[in-house]
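S.K.: I am sharing run-v2.pdb, which consists of PDB, C-alpha atoms, pLDDT in the B column:
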MODEL        1
ATOM      1  CA  THR A  22    -134.007  42.339 113.906  1.00 88.00           C
ATOM      2  CA  ASN A  23    -131.780  43.201 110.972  1.00 97.00           C
ATOM      3  CA  VAL A  24    -132.697  43.944 107.345  1.00 97.00           C
ATOM      4  CA  GLU A  25    -130.287  44.107 104.407  1.00 98.00           C
ATOM      5  CA  ILE A  26    -131.216  45.073 100.847  1.00 98.00           C
ATOM      6  CA  PHE A  27    -128.905  44.533  97.887  1.00 98.00           C
ATOM      7  CA  LEU A  28    -129.385  45.817  94.340  1.00 97.00           C
ATOM      8  CA  LYS A  29    -127.066  44.234  91.761  1.00 95.00           C
ATOM      9  CA  LEU A  30    -126.447  44.242  88.028  1.00 91.00           C
ATOM     10  CA  GLU A  31    -125.776  40.911  86.341  1.00 83.00           C
ATOM     11  CA  ASN A  32    -124.247  40.752  82.868  1.00 78.00           C
ATOM     12  CA  ILE A  33    -126.008  38.152  80.755  1.00 70.00           C
ATOM     13  CA  SER A  34    -124.544  39.233  77.442  1.00 70.00           C
ATOM     14  CA  GLN A  35    -122.621  42.242  76.191  1.00 66.00           C
ATOM     15  CA  LYS A  36    -125.739  44.443  76.092  1.00 65.00           C
ATOM     16  CA  VAL A  37    -128.334  42.945  78.434  1.00 68.00           C
ATOM     17  CA  LYS A  38    -128.006  43.442  82.183  1.00 76.00           C
ATOM     18  CA  ASP A  39    -130.528  41.963  84.573  1.00 89.00           C
ATOM     19  CA  LYS A  40    -131.310  43.904  87.714  1.00 93.00           C
ATOM     20  CA  ILE A  41    -131.295  41.809  90.882  1.00 95.00           C
ATOM     21  CA  ALA A  42    -132.872  42.682  94.225  1.00 97.00           C
ATOM     22  CA  GLU A  43    -132.057  40.656  97.327  1.00 98.00           C
ATOM     23  CA  ILE A  44    -133.614  41.116 100.756  1.00 98.00           C
ATOM     24  CA  LYS A  45    -132.249  39.451 103.896  1.00 98.00           C
ATOM     25  CA  VAL A  46    -134.177  39.654 107.163  1.00 98.00           C
ATOM     26  CA  SER A  47    -132.758  38.292 110.403  1.00 97.00           C
ATOM     27  CA  ILE A  48    -135.252  37.827 113.215  1.00 92.00           C
ATOM     28  CA  PRO A  49    -134.943  35.814 116.427  1.00 90.00           C
ATOM     29  CA  LYS A  50    -134.629  32.109 115.581  1.00 88.00           C
ATOM     30  CA  ALA A  51    -135.011  32.685 111.815  1.00 92.00           C
ATOM     31  CA  SER A  52    -133.252  34.125 108.811  1.00 97.00           C
ATOM     32  CA  LEU A  53    -135.332  34.925 105.722  1.00 98.00           C
ATOM     33  CA  PHE A  54    -134.098  35.584 102.182  1.00 99.00           C
ATOM     34  CA  ALA A  55    -135.794  36.706  98.972  1.00 98.00           C
ATOM     35  CA  LYS A  56    -134.199  37.280  95.564  1.00 98.00           C
ATOM     36  CA  HIS A  57    -135.719  38.300  92.251  1.00 96.00           C
ATOM     37  CA  GLU A  58    -134.353  39.521  88.955  1.00 93.00           C
ATOM     38  CA  SER A  59    -135.950  41.359  86.064  1.00 92.00           C
ATOM     39  CA  LYS A  60    -135.252  44.138  83.576  1.00 90.00           C
ATOM     40  CA  SER A  61    -135.727  46.922  86.175  1.00 93.00           C
ATOM     41  CA  PHE A  62    -134.726  47.422  89.798  1.00 95.00           C
ATOM     42  CA  GLU A  63    -138.261  48.547  90.647  1.00 97.00           C
ATOM     43  CA  GLU A  64    -139.838  45.326  89.409  1.00 96.00           C
ATOM     44  CA  SER A  65    -137.138  43.168  91.006  1.00 96.00           C
ATOM     45  CA  PHE A  66    -137.549  44.913  94.358  1.00 98.00           C
ATOM     46  CA  ASP A  67    -141.359  44.726  94.246  1.00 98.00           C
ATOM     47  CA  LEU A  68    -141.239  40.965  93.563  1.00 98.00           C
ATOM     48  CA  ALA A  69    -138.627  40.354  96.265  1.00 98.00           C
ATOM     49  CA  LEU A  70    -140.625  42.438  98.750  1.00 98.00           C
ATOM     50  CA  ASP A  71    -143.830  40.503  97.980  1.00 98.00           C
ATOM     51  CA  SER A  72    -141.949  37.261  98.561  1.00 98.00           C
ATOM     52  CA  MET A  73    -140.472  38.548 101.822  1.00 98.00           C
ATOM     53  CA  VAL A  74    -143.870  39.682 103.134  1.00 98.00           C
ATOM     54  CA  ALA A  75    -145.276  36.209 102.415  1.00 98.00           C
ATOM     55  CA  GLN A  76    -142.348  34.567 104.233  1.00 97.00           C
ATOM     56  CA  ILE A  77    -142.750  36.842 107.259  1.00 96.00           C
ATOM     57  CA  LYS A  78    -146.487  36.093 107.466  1.00 97.00           C
ATOM     58  CA  LYS A  79    -145.832  32.351 107.176  1.00 97.00           C
ATOM     59  CA  ASN A  80    -143.159  32.530 109.880  1.00 95.00           C
ATOM     60  CA  LYS A  81    -145.470  34.500 112.181  1.00 94.00           C
ATOM     61  CA  GLU A  82    -148.332  32.013 111.694  1.00 94.00           C
ATOM     62  CA  LYS A  83    -145.981  29.116 112.400  1.00 93.00           C
ATOM     63  CA  LYS A  84    -144.807  30.722 115.655  1.00 90.00           C
ATOM     64  CA  GLN A  85    -148.407  31.412 116.718  1.00 91.00           C
ATOM     65  CA  GLN A  86    -149.370  27.772 116.099  1.00 90.00           C
ATOM     66  CA  GLN A  87    -146.369  26.577 118.115  1.00 88.00           C
ATOM     67  CA  ALA A  88    -147.365  28.861 120.987  1.00 88.00           C
ATOM     68  CA  ILE A  89    -150.867  27.342 121.037  1.00 87.00           C
ATOM     69  CA  ALA A  90    -149.625  23.732 121.001  1.00 71.00           C
TER      70      ALA A  90
ENDMDL
END
Output the file's structure as structure tokens, nothing else.

M.R.:
Amino acid sequence: TNVEIFLKLENISQKVKDKIAEIKVSIPKASLFAKHESKSFEESFDLALDSMVAQIKKNKEKKQQQAIA
């Protein structure tokens, strides 16, 4: 299992910079990715983390259903 987290600044105009959070999770037989952007790194990371947690749960449920079948 491998986890990578990236925090980036994106220039939209001369003054405004969006903060981007990306999370990549590599697990056996799957690679998951979540990306969100907002006006703060904290908000971007929280949204990306929520998305990643949902993806991990969905992946786990899918594997459990395959094991039953």

S.K.: For Ser59 of chain A, work out the shell of residues within 7 Å, counting all atoms listed in the file and skipping chain neighbours fewer than 3 positions away, then give it as a list in words.

M.R.: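 Answer for this query is Asp39, Lys40, Ile41, Glu64 and Ser65 of chain A.
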
S.K.: What residues come out when you apply the PyMOL selection byres ((chain A and resi 27-33) around 9) to this file, written as a PyMOL selection string?

M.R.: chain A and resi 25-26+34-45+62+65-66

S.K.: Show me the residues around (-135.1, 28.9, 104.8) - criterion: an atom at most 10 Å away, only C-alpha atoms counted - as a list in words.

M.R.: Ala51, Ser52, Leu53, Phe54, Ala55 and Gln76 of chain A

S.K.: Which residues fall under the PyMOL selection byres ((chain A and resi 23) around 8) in this file, as a ChimeraX atom specification?

M.R.: /A:22,24-25,46-48

S.K.: What would the file look like if the residues just selected were written as a PDB file, in the coordinates of the input with C-alpha atoms?

M.R.:
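New file result03.pdb:
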ATOM      1  CA  THR A  22    -134.007  42.339 113.906  1.00 88.00           C
ATOM      2  CA  VAL A  24    -132.697  43.944 107.345  1.00 97.00           C
ATOM      3  CA  GLU A  25    -130.287  44.107 104.407  1.00 98.00           C
ATOM      4  CA  VAL A  46    -134.177  39.654 107.163  1.00 98.00           C
ATOM      5  CA  SER A  47    -132.758  38.292 110.403  1.00 97.00           C
ATOM      6  CA  ILE A  48    -135.252  37.827 113.215  1.00 92.00           C
TER       7      ILE A  48
END

S.K.: Provide the atom CA of Ser61 of chain A to atom CA of Asn80 of chain A distance in Å, to one decimal place.

M.R.: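 These atoms are spaced 28.7 Å apart.
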
S.K.: Report the distance between atom CA of Pro49 of chain A and atom CA of Leu70 of chain A in Å, rounded to one decimal place.

M.R.: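 Taking atom CA of Pro49 of chain A and atom CA of Leu70 of chain A, their separation equals 19.7 Å.
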
S.K.: Just give me the gap between atom CA of Lys81 of chain A and atom CA of Lys56 of chain A in Å, one decimal is fine.

M.R.: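 Answer for the atom CA of Lys81 of chain A to atom CA of Lys56 of chain A separation: 20.3 Å.
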
S.K.: Take every atom of segment 50-69 of chain A listed in the file, pad by 6 Å on each side, and give me the axis-aligned box centre and edge lengths in Å, one decimal, as lines of an AutoDock Vina configuration file.

M.R.:
center_x = -137.3
center_y = 40.3
center_z = 99.6
size_x = 20.1
size_y = 28.4
size_z = 44.0
